[in-house]
Structure formats: structure tokens, C-alpha cells
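**Student:** Questions regarding the structure given below will be posed in turn.
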2 protein chains.
Amino acid sequence: MKLKYNWILNGGATSAMGFCAAGVAAGIKDIKKKDMALVVSDCDAVVAAIFTRNAIKAAPVKVSTRHRRGGNIRAVVFNSGNANACTGVQGIKDAMAMTEETAKWLGVRKTQVLVCSTGRIGVYLPMNKVMGGIKELAAKLSHHGGRSAAKAIMTSDTYPKECALHFELEGKNAVIGGMAKGAGMIHPSMATMLCLLTTDLAIEPSAFQNSLRKAADSSFNRISVDGDTSTNDTVLALANGLVRNSPLNEKHPEYWKFEQALADVMRHLARMIVEDGEGSRRVVDFHVQGAATEHDARLFAEAISRSPLVKASWAGGDPNWGRIISTLGASGVKVREEMVDIYYNGLSAVKGGVASSTPRRLLRREASKKSFSITVNLHLGKGTSEMWIADLTEDYVSINRGE
Amino acid sequence: MKLKYNWILNGGATSAMGFCAAGVAAGIKDIKKKDMALVVSDCDAVVAAIFTRNAIKAAPVKVSTRHRRGGNIRAVVFNSGNANACTGVQGIKDAMAMTEETAKWLGVRKTQVLVCSTGRIGVYLPMNKVMGGIKELAAKLSHHGGRSAAKAIMTSDTYPKECALHFELEGKNAVIGGMAKGAGMIHPSMATMLCLLTTDLAIEPSAFQNSLRKAADSSFNRISVDGDTSTNDTVLALANGLVRNSPLNEKHPEYWKFEQALADVMRHLARMIVEDGEGSRRVVDFHVQGAATEHDARLFAEAISRSPLVKASWAGGDPNWGRIISTLGASGVKVREEMVDIYYNGLSAVKGGVASSTPRRLLRREASKKSFSITVNLHLGKGTSEMWIADLTEDYVSINRGE
């Protein structure tokens with residue numbers, strides 16, 4: 001079934017009932033920009049979380065992983081401009097101090113506070129500024145603070161990313177919203193990506209975690225800006241139950257609504273992240289069909305998402321399918337050259353491994369669009385995969401050259 | 001033992017006795033640049049070869065793979081500007097026609113001719129131009145034609161790549177030389193890389209093949225420009241035996257000399273390829289030490305060679321070790337964060353997983369050099385790996401954007 005829902009205009013992390021937020025400039029970034037955010041639930045919330053698979057985890061990831069085990073979360077404190085990663089024992093102390101200070105101002109337990117950081121690796125946090133920031137955040141909390149918080153978690157993002165939708169469940173109005181930041185290091189298994197989702201629904205913890213994982217697979221785990229996975233990637237979701245529905249689980253007759261809505265919010269945020277990828281001018285919807293296995297389909301899509309040659313050709317609007325087929329051959333997946341078909345926005349470019357009769361200028365027209373799809377059919381089985389991949393531009397390099 | 005040898009000034013594919021070559025502009029490239037080359041041995045030569053591991057192989061790779069089985073090779077014909085890949089049955093016919101036409105003009109059998117192509121994928125060869133080119137090549141063959149041939153195989157290379165050295169074996173003067181082209185799609189398991197090596201030594205075929213593979217591991221298989229592996233990669237080596245030494249094999253007392261000399265020629269050519277990588281301004285000698293296994297060491301080095309974030313920071317001369325450690329964590333190798341040390345040109349940047357006390361400006365000075373080394377010691381075992389990796393510049397993107 002397809003869920004009926006409506007997007008909320010300017011919706012975000014505070015659209016659901018009982019969530020407030022704030023964003024401030026604490027002075028962590030050199031420039032006078034917002035760099036700390038706080039999102040608070042008016043009452044205890046059930047939490048679901050996905051953390052980076054990077055073997056090197058930032059201090060806030062370690063602390064949040066520990067705190068979330070207690071459940072009953074009340075707040076998430078964020079900073080941008082400094083990842084608090086590769087900062088050893090001091091980094092852990094600092095991340096814990098952030099949760100303690102936040103807990104103090106909110107009058108909750110420190111284990112009810114989660115913490116997220118994003119920014120440069122290997123630099124200690126300026127803790128006096130951070131502490132000042134937390135005090136200011138607590139004072140500025142507002143039920144309309146979602147946008148301010150979404151701005152404060154930005155790094156090289158060019159605009160804040162937030163959205164929310166509402167739908168009916170048990171005859172009541174339910175909201176799911178959220179905010180995210182992306183930009184560089186965006187790749188499956190996530191990225192320097194932070195995302196917080198909020199809902200006023202009641203849901204059981206294990207169903208919440210399962211639905212979050214499932215939704216991540218069709219959203220954040222299918223976008224790629226540059227193939228890098230950071231030390232800080234975090235997706236958090238809080239459910240405070242203020243809708244007073246009977247707690248959702250897999251057996252609840254309307255659980256499917258929640259799953260669809262959550263996935264749509266996350267897909268929307270994921271799409272914004274890839275469209276606002278560092279230096280990105282184009283996003284390609286890359287589809288693999290007919291791979292021998294699902295694993296092969298995924299492997300090929302990931303190889304494409306890592307090929308600078310393919311991605312640079314997209315920047316130029318060049319329908320250079322030769323590079324796609326070369327990457328296919330190098331990716332290690334099962335392939336029979338003479339069976340490969342490739343389409344640009346449905347227009348045949350390659351038929352049976354050789355150029356089709358479609359005039360090049362027509363292919364070029366499709367590849368010049370701001371967003372287009374490429375479909376590769378291997379005609380070997382039923383494996384499919386889909387990824388949203390940013391192009392590789394000169395601007396990406398400029399942004400990441402450093403000082 | 002360390003071999004004593006001398007580089008030959010302006011040496012290349014025709015430095016060894018009994019090799020002649022030519023390069024001409026046949027009109028395959030739109031611009032009036034050389035695009036066909038021919039290298040011929042005066043007598044039958046033993047051949048060794050390594051072809052791309054890409055599952056999609058260009059027609060010339062397929063034809064050369066077949067012809068080399070016969071041994072007794074006399075010539076290699078090259079074209080640039082067109083890869084003759086993804087060209088189906090017609091492509092095979094065209095590649096075979098190139099060997100036939102060359103054989104006709106040289107008065108040899110077609111199976112004694114190998115063929116290499118490099119350039120754009122998916123476009124049929126303009127065979128009338130190619131045939132004219134072969135006739136012209138045959139007429140222009142010269143024992144001083146090495147440089148002309150090296151120029152004719154260039155694509156986006158900015159200069160021709162050739163070298164040769166001579167040394168004493170059985171009291172006689174022996175020469176090993178060669179030419180190569182690289183530029184984009186340069187990565188372990190080779191690249192849009194073509195390389196032809198020539199020697200006047202006599203060597204048994206199996207020893208020749210083994211020494212070529214071994215030398216490739218310490219040369220072409222350790223360079224990376226952009227992580228892509230092409231459909232056309234080929235390294236060929238011809239030995240015509242005019243030195244009249246007793247044929248080399250693993251039991252020959254001076255076989256080690258040949259192995260060292262061959263590896264040094266190939267390392268020299270490989271270094272030129274990575275230094276002349278598309279848009280490349282810096283080459284980093286990336287060393288992994290103390291990995292749990294050799295496989296881990298290699299995996300980590302390859303992950304670095306594929307990270308646009310790390311490579312972009314090199315372009316900016318930025319000693320951004322945070323990105324290296326993040327890529328390390330994401331690479332899937334065994335790692336203990338608190339044991340990781342990182343050095344720039346021997347200067348400590350990271351000690352035990354956190355920033356060392358070395359002032360940042362000193363690290364920056366090293367990272368700003370035209371070429372520098374980064375050493376990462378994981379302190380977990382004896383696994384080591386070394387790669388020569390080009391940076392990622394705005395120019396790389398410009399060059400590869402297409403039309």
C-alpha cells in the first residue's frame with residue numbers, strides 16, 4: 001500500500017510535538033557562523049541509532065554509543081567545525097563533558113544526552129567555548145528552533161537540510177521530521193553525515209531500530225559524493241510518544257505507514273545531501289539491472305561511485321559510456337561484454353556491448369541535464385541496485401585542497 | 001648483489017641491438033599528432049606479456065593474447081586516439097587486419113605481429129587511415145626511431161616516456177630499454193597503460209615471463225593516478241638474443257642481473273607515468289609498515305590511492321593526516337587507533353593515534369614539496385606496502401570532463 005502523507009512547509013527536527021531546539025555560534029569555527037546545536041524532547045524518548053562503520057570512531061560516537069544503551073533519551077547536543085576524532089582520552093573526556101553540561105542545564109541525567117561532532121579531525125575541542133555554547137543553547141531552546149539547529153550543524157553544506165511530513169495513524173495526526181548535514185565524505189555506510197530524526201509517535205525500541213536500518217538502506221546507504229566514510233557518521237532517531245498511539249511494532253496494523261514515512265523523510269534528506277555534495281553540479285541516478293547477483297549489482301554501482309574518470313565525465317555532461325563499461329569490467333563482477341546494454345534517461349547508448357545507433361548529440365542532451373539516470377542491464381540474472389551519485393568537479397578539488 | 005649499470009642518454013625502445021621503430025600521424029586523432037607506431041626486431045624475438053585484468057578486454061588485447069602464444073614475435077604495431085574496445089566482432093576484424101597489413105609490409109607471418117591500441121572506447125577504427133599509417137610506418141623504420149614511436153603512443157601524456165640502460169653479462173654488453181604511455185586510468189593491475197620493453201639478450205620464455213611479472217609488481221603495479229583499470233593495459237617485452245649469450249633462465253649465474261635491470265627500467269618508466277599523471281602536480285611515496293598482514297598493508301595503500309579527499313589535500317600541500325587515518329579506519333584493515341604513527345618525510349605527525357608535538361608549519365613545509373613520503377606504521381605486524389600515488393587536482397577533472 002502507498003501511504004498518504006503531506007510534507008510540512010519548512011518542517012524539520014521540531015515539527016513533531018514536544019521537540020524544541022536551538023543553534024548558536026559558540027566560536028568553534030574561525031568565522032562567525034553557527035557551530036553548536038541542541039535538540040531536546042519534552043519527555044523521555046525511545047532512541048534508534050546507526051553509527052559509522054569506520055574502525056576509527058570519533059569520541060562523540062563512542063560516548064553516544066554508550067549512552068543510547070540506557071534508552072530514555074532527552075537531548076542531542078551537536079557541534080560543527082571540529083570532529084573530536086583522533087583526540088585520545090582527552091577527546092572522550094570532552095565529549096562526556098558536553099553531555100554532562102547539557103544534562104545539567106536541562107535537569108536530566110547525563111546518560112540521557114547524546115553527542116555528535118563534525119569537522120576537522122585531530123584537533124582538541126576548545127572546551128571553554130563549547131561550555132559557553134551549551135549554556136546559550138539551553139537558554140535559546142524553542143519549539144520553532146529546528147531551522148536554527150539545522151544551520152548550526154552545517155560544515156561545507158551550502159544550505160541547511162531539513163524536512164518533515166505528517167500522516168494519520170490510529171486516526172491521530174503523526175509527524176516525522178529531521179535534519180541532516182552532508183557535503184564531503186559521503187558514501188554508502190554513510191559519511192561525515194549527521195542526521196537526527198524526530199517523531200511524536202510511540203514505538204517499541206527494537207521495531208524503531210529495525211525500521212531505521214531498513215530506511216537507511218534505501219536512503220543514506222545509496223548516496224555517494226566521494227566514496228569516503230568518516231569517523232563521525234551518525235543517524236539518530238528519537239520517538240517521544242506524545243501522539244499517544246499504541247506503541248508501534250511489527251505486528252501493529254499501521255506499522256507499514258511508519259516505515260514508509262520514515263524512509264521517505266530519510267530519502268528526502270539523503271537526496272538533499274547528494275545534490276549539495278561538495279562541488280557537485282549533477283546527480284546521476286545509477287541503476288544496475290540483470291546482474292548475476294544482488295551483491296554483484298551493488299559492487300558494480302559502488303565501483304562507479306568510486307571512479308573519478310566516470311564522475312569527471314558527468315561534470316562535463318559527456319555521455320562517455322566507455323568509461324562505465326571499463327569500470328564494469330574492472331569491478332570484478334560477472335559480465336558478458338556482448339550482452340551489456342546501457343541507457344541514458346531511457347535512451348539506448350549501448351546495445352549488446354557496442355554503440356547503439358542513437359545519435360551522440362541526443363545522448364549528450366540527456367547527459368547535460370542537471371540530473372539524469374543511467375541504467376546498465378547485464379542480462380545475467382535478477383540482481384539490481386540503485387545509487388544516487390554526485391559528479392566530480394574542479395570545485396570538489398578546490399574545496400578539499402585545504403588551506 | 002647490486003647490479004652496476006649505466007643509463008643510456010636518450011635511450012628507448014631501439015637502444016638494444018636489432019630493434020627499429022617509427023611513429024607517424026595517420027589521422028586517427030583529430031589533431032595532426034602522431035598516432036601510430038611500429039617497433040620491429042630484425043630477427044625472431046622471445047616474448048613476455050602482461051595484459052589487463054579488466055573483464056572487458058579490447059580487441060587488440062584479445063588478438064595479441066592469441067598471437068603471443070606462437071612465440072617468435074617480430075613486431076608490435078600501436079595506435080593511439082582509439083582504444084578499439086567495445087567494438088564487437090568488427091573490432092576483432094580490425095585488430096587482425098592491423099597485424100596482417102603489418103606482416104605483409106615486413107614479410108613475416110601475421111601471428112608474429114602483436115597489436116596495441118589506446119584512446120577512446122566504443123568507436124570503430126578508421127581502417128583506411130590505419131592501413132595508410134602502417135604502410136608509412138614500414139617505410140620509415142629506423143634503428144633510431146625509438147623516440148618517434150614513444151611520441152606516437154601518447155594520449156594525454158605531456159611528454160614521451162622512454163629509457164634504456166646497459167650492463168655487462170657474460171662479458172658482453174647487454175641493453176634493456178623501453179617506452180610507455182600512461183596519463184589517466186593508472187592504477188595497480190595496470191592502466192590505460194602501454195609499455196614495450198626490448199632487449200638484445202637471449203632468454204628462455206618462461207624465465208622471461210616470470211621476470212616480467214616480478215618486475216611489474218615493483219613498478220607498474222605500485223603506481224596509482226586515479227584508481228581506474230582500463231580495457232587495454234598491456235606490457236610487452238621482446239628479447240631478440242643478438243647479444244648471443246647463453247639463454248638466460250633461473251639457473252643462469254647472471255640471471256639476477258637481468259632481473260634487476262628489467263625491474264629498474266620498468267620502475268623508471270612507472271615513475272614517469274605517475275609523475276605525468278593527468279593533472280598531477282605531486283607524487284606521494286606512500287609507505288605502510290607494521291600492518292597485521294601483507295594483504296592488509298596493500299589494502300590500506302590502495303584505499304588511500306582511491307580517496308579523493310586524501311588526494312585533494314595533497315594537491316593543496318595540506319598535511320591533513322586526519323583524512324589518512326579516517327581512510328585507514330574505513331579500509332577494513334585491522335587497526336588499533338592508539339597505536340598508529342604517521343610521518344611526513346620522516347617527521348612525526350601522529351604518535352599513538354593523536355597529533356604529535358611537531359609544529360604544523362613544519363609538516364606543511366614537507367607536504368608542500370613536489371614529491372614527499374608519508375609513512376604509516378600500524379604496529380600490529382610485519383605487513384608492508386609501498387605505492388607511488390599522484391595527487392588529485394582541478395586539472396585532472398578539467399582534462400577528463402570530456403568535450
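Convention: chains lettered A, B, ... in C-alpha cells order; per-chain residue numbering from 1; ligands numbered from 1 as shown.
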Show which residues sit within 8 Å of Val283 (chain A), as a list in words. Count only C-alpha atoms, and ignore same-chain residues fewer than 4 positions away.
**Tutor:**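 Within the cut-off, the hits are Val274, Glu275, Lys370, Ser371, Phe372, Trp388, Ile389, Ala390 and Asp391 of chain A.
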**Student:** Quick one: write out the picked residues with N, CA, C and O atoms as a PDB file, in the first residue's frame?
**Tutor:**
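Listing of again-v1.pdb after writing:
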```pdb
ATOM      1  N   VAL A 274      23.189  14.581  -1.369  1.00  0.00           N
ATOM      2  CA  VAL A 274      23.973  14.291  -2.582  1.00  0.00           C
ATOM      3  C   VAL A 274      23.887  15.464  -3.557  1.00  0.00           C
ATOM      4  O   VAL A 274      24.861  15.803  -4.232  1.00  0.00           O
ATOM      5  N   GLU A 275      22.732  16.133  -3.615  1.00  0.00           N
ATOM      6  CA  GLU A 275      22.622  17.301  -4.506  1.00  0.00           C
ATOM      7  C   GLU A 275      23.499  18.447  -4.031  1.00  0.00           C
ATOM      8  O   GLU A 275      23.970  19.248  -4.826  1.00  0.00           O
ATOM      9  N   LYS A 370      20.650  18.564 -15.433  1.00  0.00           N
ATOM     10  CA  LYS A 370      21.068  18.740 -14.025  1.00  0.00           C
ATOM     11  C   LYS A 370      21.023  17.401 -13.280  1.00  0.00           C
ATOM     12  O   LYS A 370      21.786  17.160 -12.345  1.00  0.00           O
ATOM     13  N   SER A 371      20.148  16.546 -13.709  1.00  0.00           N
ATOM     14  CA  SER A 371      20.014  15.242 -13.083  1.00  0.00           C
ATOM     15  C   SER A 371      19.537  14.286 -14.167  1.00  0.00           C
ATOM     16  O   SER A 371      18.666  14.641 -14.960  1.00  0.00           O
ATOM     17  N   PHE A 372      20.144  13.110 -14.255  1.00  0.00           N
ATOM     18  CA  PHE A 372      19.682  12.142 -15.248  1.00  0.00           C
ATOM     19  C   PHE A 372      19.962  10.741 -14.731  1.00  0.00           C
ATOM     20  O   PHE A 372      20.668  10.564 -13.735  1.00  0.00           O
ATOM     21  N   TRP A 388      22.501   7.039  -5.959  1.00  0.00           N
ATOM     22  CA  TRP A 388      22.482   8.441  -6.370  1.00  0.00           C
ATOM     23  C   TRP A 388      23.902   8.957  -6.202  1.00  0.00           C
ATOM     24  O   TRP A 388      24.412   9.031  -5.091  1.00  0.00           O
ATOM     25  N   ILE A 389      24.515   9.331  -7.313  1.00  0.00           N
ATOM     26  CA  ILE A 389      25.951   9.635  -7.269  1.00  0.00           C
ATOM     27  C   ILE A 389      26.218  11.046  -7.786  1.00  0.00           C
ATOM     28  O   ILE A 389      25.742  11.427  -8.865  1.00  0.00           O
ATOM     29  N   ALA A 390      26.982  11.809  -7.045  1.00  0.00           N
ATOM     30  CA  ALA A 390      27.355  13.166  -7.460  1.00  0.00           C
ATOM     31  C   ALA A 390      28.488  13.101  -8.472  1.00  0.00           C
ATOM     32  O   ALA A 390      29.281  12.155  -8.478  1.00  0.00           O
ATOM     33  N   ASP A 391      28.578  14.112  -9.337  1.00  0.00           N
ATOM     34  CA  ASP A 391      29.690  14.175 -10.273  1.00  0.00           C
ATOM     35  C   ASP A 391      30.961  14.636  -9.554  1.00  0.00           C
ATOM     36  O   ASP A 391      30.934  14.943  -8.365  1.00  0.00           O
TER      37      ASP A 391
END
```
**Student:** Taking all C-alpha atoms matched one to one in order, superimpose chain B on chain A and note the resulting RMSD in Å.
**Tutor:**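 So the superposition leaves a C-alpha RMSD of 0.1 Å.
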**Student:** For chain B, report every residue with an atom at most 8 Å from chain A (counting only C-alpha atoms), formatted as a ChimeraX atom specification.
**Tutor:** /B:53-57,86-88,120-123,185,226-231,306-309,312-318,320,322-323,325-332,335,337-338,353-355,392-395,397-398,400-403
**Student:** Write out the residues from the selection above, keeping C-alpha atoms, as a PDB file, in the first residue's frame.
**Tutor:**
```pdb
ATOM      1  CA  ARG B  53      42.802  -7.922 -15.758  1.00  0.00           C
ATOM      2  CA  ASN B  54      39.725  -5.955 -16.793  1.00  0.00           C
ATOM      3  CA  ALA B  55      36.989  -8.480 -17.677  1.00  0.00           C
ATOM      4  CA  ILE B  56      36.124  -6.328 -20.696  1.00  0.00           C
ATOM      5  CA  LYS B  57      39.154  -6.622 -22.956  1.00  0.00           C
ATOM      6  CA  CYS B  86      33.681  -2.390 -27.078  1.00  0.00           C
ATOM      7  CA  THR B  87      33.701  -2.700 -30.829  1.00  0.00           C
ATOM      8  CA  GLY B  88      32.450  -6.291 -31.055  1.00  0.00           C
ATOM      9  CA  ARG B 120      38.537   6.403 -26.675  1.00  0.00           C
ATOM     10  CA  ILE B 121      36.350   3.337 -26.108  1.00  0.00           C
ATOM     11  CA  GLY B 122      33.396   2.298 -28.267  1.00  0.00           C
ATOM     12  CA  VAL B 123      34.393   3.885 -31.565  1.00  0.00           C
ATOM     13  CA  MET B 185      43.317   5.270 -15.674  1.00  0.00           C
ATOM     14  CA  ASP B 226      43.133   7.626 -10.376  1.00  0.00           C
ATOM     15  CA  GLY B 227      42.253   4.076  -9.416  1.00  0.00           C
ATOM     16  CA  ASP B 228      40.871   3.033 -12.783  1.00  0.00           C
ATOM     17  CA  THR B 229      41.958  -0.041 -14.750  1.00  0.00           C
ATOM     18  CA  SER B 230      41.428   0.114 -18.471  1.00  0.00           C
ATOM     19  CA  THR B 231      40.339  -2.347 -21.099  1.00  0.00           C
ATOM     20  CA  ARG B 306      41.312   5.779  -4.157  1.00  0.00           C
ATOM     21  CA  SER B 307      40.421   8.523  -1.695  1.00  0.00           C
ATOM     22  CA  PRO B 308      39.621  11.783  -3.474  1.00  0.00           C
ATOM     23  CA  LEU B 309      39.650  13.582  -0.116  1.00  0.00           C
ATOM     24  CA  ALA B 312      42.842  16.564  -2.982  1.00  0.00           C
ATOM     25  CA  SER B 313      44.569  17.532   0.269  1.00  0.00           C
ATOM     26  CA  TRP B 314      47.893  16.599  -1.339  1.00  0.00           C
ATOM     27  CA  ALA B 315      47.132  18.958  -4.220  1.00  0.00           C
ATOM     28  CA  GLY B 316      46.875  21.749  -1.657  1.00  0.00           C
ATOM     29  CA  GLY B 317      50.088  20.777   0.136  1.00  0.00           C
ATOM     30  CA  ASP B 318      47.974  20.180   3.231  1.00  0.00           C
ATOM     31  CA  ASN B 320      45.822  16.595   6.600  1.00  0.00           C
ATOM     32  CA  GLY B 322      43.040  13.152   9.723  1.00  0.00           C
ATOM     33  CA  ARG B 323      41.848  12.080   6.276  1.00  0.00           C
ATOM     34  CA  ILE B 325      43.507   7.974   9.482  1.00  0.00           C
ATOM     35  CA  SER B 326      39.830   8.142   8.530  1.00  0.00           C
ATOM     36  CA  THR B 327      40.541   6.256   5.288  1.00  0.00           C
ATOM     37  CA  LEU B 328      42.572   3.750   7.297  1.00  0.00           C
ATOM     38  CA  GLY B 329      39.592   3.118   9.558  1.00  0.00           C
ATOM     39  CA  ALA B 330      37.248   2.761   6.598  1.00  0.00           C
ATOM     40  CA  SER B 331      39.566   0.451   4.633  1.00  0.00           C
ATOM     41  CA  GLY B 332      38.627  -2.698   6.520  1.00  0.00           C
ATOM     42  CA  VAL B 335      43.830  -1.250  13.214  1.00  0.00           C
ATOM     43  CA  GLU B 337      43.777   3.660  16.825  1.00  0.00           C
ATOM     44  CA  GLU B 338      46.029   4.280  19.827  1.00  0.00           C
ATOM     45  CA  GLY B 353      46.753   7.917  17.281  1.00  0.00           C
ATOM     46  CA  VAL B 354      46.848  11.602  18.264  1.00  0.00           C
ATOM     47  CA  ALA B 355      48.645  14.682  16.931  1.00  0.00           C
ATOM     48  CA  LEU B 392      44.007  14.922  -7.361  1.00  0.00           C
ATOM     49  CA  THR B 393      43.916  18.358  -8.931  1.00  0.00           C
ATOM     50  CA  GLU B 394      41.359  20.594 -10.566  1.00  0.00           C
ATOM     51  CA  ASP B 395      43.277  19.920 -13.791  1.00  0.00           C
ATOM     52  CA  VAL B 397      38.873  16.995 -13.635  1.00  0.00           C
ATOM     53  CA  SER B 398      39.220  19.514 -16.468  1.00  0.00           C
ATOM     54  CA  ASN B 400      38.531  14.312 -18.052  1.00  0.00           C
ATOM     55  CA  ARG B 401      35.322  16.318 -18.292  1.00  0.00           C
ATOM     56  CA  GLY B 402      35.096  15.499 -21.960  1.00  0.00           C
ATOM     57  CA  GLU B 403      34.233  17.659 -24.903  1.00  0.00           C
TER      58      GLU B 403
END
```
**Student:** Just checking: using only C-alpha atoms, which residue out of A:Met131, A:Ala95, A:Ala297, A:Leu196 ends up closest to Val39 (chain A)?
**Tutor:**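 Looking only at the distances to Val39 (chain A), the closest residue turns out to be A:Leu196.
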**Student:** One decimal, Å: what's the distance from CA of Lys93 (chain B) over to CA of Ala59 (chain B), could you say?
**Tutor:**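 Spanning CA of Lys93 (chain B) to CA of Ala59 (chain B) is a straight-line distance of 8.5 Å.
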**Student:** Please identify all polymer residues within 8 Å of Gly177 (chain A), counting only C-alpha atoms, omitting same-chain residues fewer than 2 positions from it, and present them as JSON, numbers by chain.
**Tutor:** {"A": [11, 12, 13, 14, 15, 16, 162, 163, 164, 165, 175, 179, 197, 198, 199, 265]}
**Student:** Closest to Ser206 (chain A) among A:Leu248, A:Leu9, A:Val340, A:Met36, using only C-alpha atoms?
**Tutor:**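 Answer, going by the shortest atom-to-atom distance: A:Leu248.
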**Student:** Taking the DSSP assignment computed from this structure's backbone, write out as a PyMOL selection string all residues of region 2-110 of chain A that belong to strand (DSSP E).
**Tutor:** chain A and resi 6-7+19-24+36-51+73-82
**Student:** Any idea what's packed within 7 Å of Leu38 (chain B), counting only C-alpha atoms, ignoring anything in its chain fewer than 6 positions away? Could you give it as an MDAnalysis selection string?
**Tutor:** chainID B and resid 21:23 76:78 137 149
**Student:** I need the chosen residues saved as a CSV table (one decimal), in the first residue's frame, with N, CA, C and O atoms.
**Tutor:**
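Result saved to out31.csv:
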```
chain,number,residue,atom,x,y,z
B,21,ALA,N,62.3,1.2,-35.3
B,21,ALA,CA,60.9,1.7,-35.0
B,21,ALA,C,60.6,2.9,-35.8
B,21,ALA,O,61.4,3.5,-36.4
B,22,ALA,N,59.3,3.3,-35.7
B,22,ALA,CA,58.9,4.6,-36.4
B,22,ALA,C,57.6,5.0,-35.8
B,22,ALA,O,56.9,4.2,-35.1
B,23,GLY,N,57.3,6.3,-35.9
B,23,GLY,CA,56.0,6.8,-35.5
B,23,GLY,C,55.5,7.8,-36.5
B,23,GLY,O,56.3,8.5,-37.1
B,76,VAL,N,55.5,-5.1,-33.2
B,76,VAL,CA,54.4,-4.7,-32.4
B,76,VAL,C,53.9,-3.4,-33.1
B,76,VAL,O,54.7,-2.4,-33.3
B,77,VAL,N,52.6,-3.3,-33.5
B,77,VAL,CA,52.0,-2.1,-34.1
B,77,VAL,C,51.1,-1.5,-33.1
B,77,VAL,O,50.3,-2.2,-32.4
B,78,PHE,N,51.2,-0.2,-33.0
B,78,PHE,CA,50.4,0.6,-32.0
B,78,PHE,C,49.6,1.6,-32.7
B,78,PHE,O,50.0,2.2,-33.7
B,137,LEU,N,54.6,3.6,-41.8
B,137,LEU,CA,55.4,3.2,-40.7
B,137,LEU,C,56.5,2.3,-41.2
B,137,LEU,O,57.7,2.4,-40.9
B,149,ALA,N,58.5,6.7,-32.0
B,149,ALA,CA,57.4,5.7,-31.6
B,149,ALA,C,56.9,6.1,-30.3
B,149,ALA,O,55.6,6.0,-30.0
```
**Student:** Quick one: everything within 9 Å of Tyr5 (chain A), counting only C-alpha atoms, minus sequence neighbours fewer than 2 positions away in the same chain. Send it as a PyMOL selection string.
**Tutor:** chain A and resi 3+7+165-168+261
**Student:** Taking N, CA, C and O atoms for each residue, export the selection above as a PDB file, in the first residue's frame.
**Tutor:**
```
ATOM      1  N   LEU A   3       1.369   4.976   1.282  1.00  0.00           N
ATOM      2  CA  LEU A   3       0.937   5.877   2.359  1.00  0.00           C
ATOM      3  C   LEU A   3       0.534   7.243   1.801  1.00  0.00           C
ATOM      4  O   LEU A   3       1.201   7.793   0.933  1.00  0.00           O
ATOM      5  N   TRP A   7       3.804  16.810   3.084  1.00  0.00           N
ATOM      6  CA  TRP A   7       5.007  17.475   3.586  1.00  0.00           C
ATOM      7  C   TRP A   7       4.584  18.707   4.374  1.00  0.00           C
ATOM      8  O   TRP A   7       3.598  19.365   4.038  1.00  0.00           O
ATOM      9  N   LEU A 165       7.047  15.496   7.559  1.00  0.00           N
ATOM     10  CA  LEU A 165       5.759  15.173   6.954  1.00  0.00           C
ATOM     11  C   LEU A 165       4.795  14.735   8.046  1.00  0.00           C
ATOM     12  O   LEU A 165       5.206  14.392   9.158  1.00  0.00           O
ATOM     13  N   HIS A 166       3.516  14.810   7.730  1.00  0.00           N
ATOM     14  CA  HIS A 166       2.546  14.297   8.700  1.00  0.00           C
ATOM     15  C   HIS A 166       1.556  13.361   8.008  1.00  0.00           C
ATOM     16  O   HIS A 166       1.305  13.480   6.801  1.00  0.00           O
ATOM     17  N   PHE A 167       1.026  12.429   8.780  1.00  0.00           N
ATOM     18  CA  PHE A 167       0.098  11.439   8.243  1.00  0.00           C
ATOM     19  C   PHE A 167      -0.786  10.952   9.381  1.00  0.00           C
ATOM     20  O   PHE A 167      -0.552  11.285  10.558  1.00  0.00           O
ATOM     21  N   GLU A 168      -1.787  10.190   9.025  1.00  0.00           N
ATOM     22  CA  GLU A 168      -2.733   9.737  10.037  1.00  0.00           C
ATOM     23  C   GLU A 168      -2.408   8.319  10.488  1.00  0.00           C
ATOM     24  O   GLU A 168      -2.127   7.443   9.671  1.00  0.00           O
ATOM     25  N   ALA A 261       6.867   6.279   5.890  1.00  0.00           N
ATOM     26  CA  ALA A 261       7.060   7.702   6.168  1.00  0.00           C
ATOM     27  C   ALA A 261       8.502   7.978   6.585  1.00  0.00           C
ATOM     28  O   ALA A 261       9.133   8.928   6.121  1.00  0.00           O
TER      29      ALA A 261
END
```
**Student:** Would you pick out the contacts of Asp30 (chain B) at 12 Å or less, using only C-alpha atoms, so that residues sharing its chain but fewer than 5 positions from it are not included, and give the list as a PyMOL selection string?
**Tutor:** chain B and resi 25+35+80-82+126+129
